[in-house]
Amino acid sequence: MCTTCGCGAGETRVDGKTLPEQDDVQHGGRGHAPPRQAAQHGRSGQSTMNYTALGDAGIDHHHGPGGWHRHAHPHPAVPAAGDRSPDLLPSTGRSRMLQIERDILARNDRHAADNRRRFEEQGIFALNLVSSPGSGKTSLLCRSIEALKEKLSIAVIEGDQQTSHDADRIRATGVPALQINTGKGCHLDAHMVGHAVHELSPADDSLLLIENVGNLVCPAAFDLGEAHKVVILSVTEGEDKPLKYSAMFHAASLMLLNKIDLLPYLSFDVDLAIAYARRVNPALQVMQVSATTGAGFDQWLAWLSAGCAERRQQKEATIAALRRRIVELEAQLPVAVRG
């Protein structure tokens, strides 16, 4: 379950099979969030949860796997954050607001670290492609695959709430693709991707393209173990998207400005869109492309090939360092042991 946005649990399918829920999801499809929760997202993956306490009437509590329930016995009311008035400490029957902070992404980050370790060990260049719905992600992937499939081993993970239409389109290009359906979920997480990678078994030294659910909000917060987030902004959207959804553009390494073939028919200001994006993320690399005509694709394909080559070189360097270390350790063993 997404404890960031509250999207539902128990509906995720990986290649049509039910995904085992993470052990921090409670029975009945609810996560750690109790009733009447108002989550306010803070920095560094932390969320401030405001829970309504009910004075002598009771308070919602979490007790183990059984989930949240109402206690009938009284509890001392707790002052709201910043309220230090002593007369608020005893229970008065009035409602109180409790603030609890915790890192709601810690479990996801552990799964992401496992994914990243696997990608590094296998030399897999994994990308997390994110955008609004209808930006042209799947069309962009299909064209990219057609151009690179004779040079690189490629696999694709597709994320959508329903249907396998996009995975079917990818498979039609001749490369393996696996569909994750998130049901009511609005993003992929590292747990889902880990299961998908296990099923898909991408080859060593390959390119893994992860097409996230169309959404510029929650995917920004979820590390999948990827090398880079690539955000796609189409010219049929507003120039101010980078300012409205700044977390996503700040998290990305590369922005692809797609559908540039439509610019003669639109009032979209390319320079302004790029300026807004770099206001949010000064280091953001930007490429202008058209998945329909192929304009700008040479630069994009070169970036993909260079990323794969760099990841392969990193893997080979790690293996070489380990071999040198083995030789050093063997040299330190007594002669009798070595013999």
# chains A, B, ... in the order shown; residues from 1 in each chain; ligands from 1
>>> residues_around(residues="range 166-178 of chain A", least_positions_apart="3", cutoff="8 Å", atoms="only C-alpha atoms", output="PyMOL selection string")
chain A and resi 14-15+138+141-142+145-146+149+154-158+163+196+200
>>> write_last_selection(atoms="all heavy atoms", output="short mmCIF file (atom, residue, chain, number, x, y, z; two decimals), in the first residue's frame")
data_model
loop_
_atom_site.label_atom_id
_atom_site.label_comp_id
_atom_site.auth_asym_id
_atom_site.auth_seq_id
_atom_site.Cartn_x
_atom_site.Cartn_y
_atom_site.Cartn_z
N VAL A 14 1.63 -8.66 -11.01
CA VAL A 14 2.86 -8.70 -11.80
C VAL A 14 2.71 -9.82 -12.81
O VAL A 14 2.63 -10.99 -12.45
CB VAL A 14 4.09 -8.93 -10.91
CG1 VAL A 14 5.34 -9.07 -11.77
CG2 VAL A 14 4.27 -7.78 -9.92
N ASP A 15 2.63 -9.46 -14.07
CA ASP A 15 2.41 -10.42 -15.15
C ASP A 15 1.15 -11.24 -14.87
O ASP A 15 1.11 -12.45 -15.10
CB ASP A 15 3.63 -11.33 -15.30
CG ASP A 15 3.68 -12.03 -16.65
OD1 ASP A 15 3.10 -11.49 -17.62
OD2 ASP A 15 4.28 -13.12 -16.74
N THR A 138 5.16 5.37 -24.03
CA THR A 138 5.21 4.06 -24.69
C THR A 138 5.63 4.20 -26.15
O THR A 138 6.43 3.39 -26.65
CB THR A 138 3.84 3.36 -24.58
OG1 THR A 138 3.41 3.36 -23.22
CG2 THR A 138 3.94 1.93 -25.06
N LEU A 141 9.29 4.67 -26.13
CA LEU A 141 9.99 3.42 -25.87
C LEU A 141 10.02 2.53 -27.11
O LEU A 141 11.05 1.95 -27.44
CB LEU A 141 9.33 2.67 -24.71
CG LEU A 141 9.56 3.21 -23.30
CD1 LEU A 141 8.91 2.29 -22.28
CD2 LEU A 141 11.04 3.32 -23.00
N CYS A 142 8.88 2.42 -27.78
CA CYS A 142 8.82 1.55 -28.96
C CYS A 142 9.81 2.01 -30.03
O CYS A 142 10.53 1.18 -30.63
CB CYS A 142 7.40 1.53 -29.53
SG CYS A 142 6.21 0.61 -28.52
N ILE A 145 13.38 1.24 -28.82
CA ILE A 145 13.69 -0.19 -28.90
C ILE A 145 13.99 -0.61 -30.32
O ILE A 145 14.94 -1.36 -30.58
CB ILE A 145 12.52 -1.00 -28.30
CG1 ILE A 145 12.44 -0.79 -26.79
CG2 ILE A 145 12.64 -2.48 -28.64
CD1 ILE A 145 11.15 -1.25 -26.17
N GLU A 146 13.17 -0.14 -31.26
CA GLU A 146 13.39 -0.50 -32.67
C GLU A 146 14.78 -0.06 -33.14
O GLU A 146 15.42 -0.75 -33.92
CB GLU A 146 12.30 0.12 -33.55
CG GLU A 146 10.91 -0.45 -33.35
CD GLU A 146 10.76 -1.87 -33.90
OE1 GLU A 146 11.74 -2.42 -34.46
OE2 GLU A 146 9.67 -2.42 -33.75
N LYS A 149 17.53 -2.42 -30.58
CA LYS A 149 17.40 -3.83 -30.21
C LYS A 149 18.44 -4.73 -30.89
O LYS A 149 18.72 -5.82 -30.40
CB LYS A 149 16.00 -4.34 -30.51
CG LYS A 149 15.60 -4.35 -31.98
CD LYS A 149 14.15 -4.82 -32.13
CE LYS A 149 13.74 -4.88 -33.59
NZ LYS A 149 12.32 -5.31 -33.73
N ILE A 154 17.58 -5.64 -24.40
CA ILE A 154 16.62 -4.71 -23.79
C ILE A 154 15.47 -5.49 -23.16
O ILE A 154 15.00 -6.48 -23.72
CB ILE A 154 16.06 -3.72 -24.83
CG1 ILE A 154 17.20 -2.97 -25.53
CG2 ILE A 154 15.09 -2.74 -24.18
CD1 ILE A 154 16.74 -2.10 -26.69
N ALA A 155 15.03 -5.05 -22.00
CA ALA A 155 13.83 -5.59 -21.37
C ALA A 155 13.04 -4.41 -20.81
O ALA A 155 13.61 -3.36 -20.49
CB ALA A 155 14.18 -6.58 -20.26
N VAL A 156 11.72 -4.60 -20.68
CA VAL A 156 10.84 -3.50 -20.27
C VAL A 156 9.89 -3.97 -19.18
O VAL A 156 9.32 -5.07 -19.25
CB VAL A 156 10.03 -2.96 -21.47
CG1 VAL A 156 9.08 -1.84 -21.02
CG2 VAL A 156 10.97 -2.45 -22.57
N ILE A 157 9.73 -3.13 -18.16
CA ILE A 157 8.68 -3.31 -17.15
C ILE A 157 7.66 -2.20 -17.36
O ILE A 157 8.02 -1.02 -17.36
CB ILE A 157 9.25 -3.26 -15.73
CG1 ILE A 157 10.20 -4.44 -15.49
CG2 ILE A 157 8.12 -3.26 -14.69
CD1 ILE A 157 10.94 -4.37 -14.17
N GLU A 158 6.40 -2.58 -17.55
CA GLU A 158 5.33 -1.62 -17.80
C GLU A 158 4.45 -1.47 -16.57
O GLU A 158 4.01 -2.47 -15.99
CB GLU A 158 4.46 -2.09 -18.98
CG GLU A 158 5.05 -1.82 -20.34
CD GLU A 158 5.04 -0.35 -20.69
OE1 GLU A 158 4.25 0.41 -20.08
OE2 GLU A 158 5.81 0.05 -21.57
N THR A 163 -5.07 -3.07 -17.54
CA THR A 163 -4.80 -3.54 -18.91
C THR A 163 -3.31 -3.87 -19.11
O THR A 163 -2.44 -3.41 -18.37
CB THR A 163 -5.23 -2.56 -20.02
OG1 THR A 163 -4.23 -1.54 -20.20
CG2 THR A 163 -6.58 -1.94 -19.71
N ALA A 196 9.07 -8.09 -10.37
CA ALA A 196 9.04 -8.07 -11.83
C ALA A 196 10.40 -8.44 -12.42
O ALA A 196 10.49 -9.19 -13.39
CB ALA A 196 8.61 -6.69 -12.33
N LEU A 200 11.19 -11.40 -14.92
CA LEU A 200 11.67 -11.03 -16.25
C LEU A 200 13.08 -11.53 -16.51
O LEU A 200 13.44 -11.84 -17.66
CB LEU A 200 11.62 -9.51 -16.39
CG LEU A 200 11.72 -8.88 -17.77
CD1 LEU A 200 10.66 -9.42 -18.71
CD2 LEU A 200 11.60 -7.36 -17.65
#
>>> residues_around(residues="range 265-267 of chain A", least_positions_apart="5", cutoff="10 Å", atoms="only C-alpha atoms", output="number ranges by chain")
A: 235-236, 238-239, 260
>>> write_last_selection(atoms="C-alpha atoms", output="PDB file, in the first residue's frame")
ATOM      1  CA  VAL A 235       4.491  20.092 -25.675  1.00  0.00           C
ATOM      2  CA  THR A 236       0.741  19.435 -25.427  1.00  0.00           C
ATOM      3  CA  GLY A 238       1.721  23.432 -19.956  1.00  0.00           C
ATOM      4  CA  GLU A 239       5.158  25.037 -19.752  1.00  0.00           C
ATOM      5  CA  ILE A 260       8.081  18.673 -30.822  1.00  0.00           C
TER       6      ILE A 260
END
>>> select_by_dssp(residues="range 228-276 of chain A", states="alpha helix (DSSP H)", output="PyMOL selection string")
chain A and resi 241-244+246-251+270-276
>>> write_last_selection(atoms="C-alpha atoms", output="JSON list (two decimals), in the first residue's frame")
[["chain", "number", "residue", "atom", "x", "y", "z"],
["A", 241, "LYS", "CA", 4.49, 21.65, -15.28],
["A", 242, "PRO", "CA", 8.06, 21.68, -13.85],
["A", 243, "LEU", "CA", 6.99, 24.32, -11.31],
["A", 244, "LYS", "CA", 3.68, 22.67, -10.45],
["A", 246, "SER", "CA", 8.71, 20.32, -8.90],
["A", 247, "ALA", "CA", 9.57, 17.20, -6.89],
["A", 248, "MET", "CA", 9.54, 15.06, -10.03],
["A", 249, "PHE", "CA", 11.69, 17.41, -12.08],
["A", 250, "HIS", "CA", 14.07, 17.83, -9.15],
["A", 251, "ALA", "CA", 14.45, 14.04, -8.86],
["A", 270, "VAL", "CA", 9.96, 25.72, -25.32],
["A", 271, "ASP", "CA", 12.49, 28.13, -23.81],
["A", 272, "LEU", "CA", 10.17, 28.97, -20.93],
["A", 273, "ALA", "CA", 9.49, 25.29, -20.17],
["A", 274, "ILE", "CA", 13.22, 24.55, -20.07],
["A", 275, "ALA", "CA", 13.87, 27.63, -17.93],
["A", 276, "TYR", "CA", 11.22, 26.52, -15.44]]
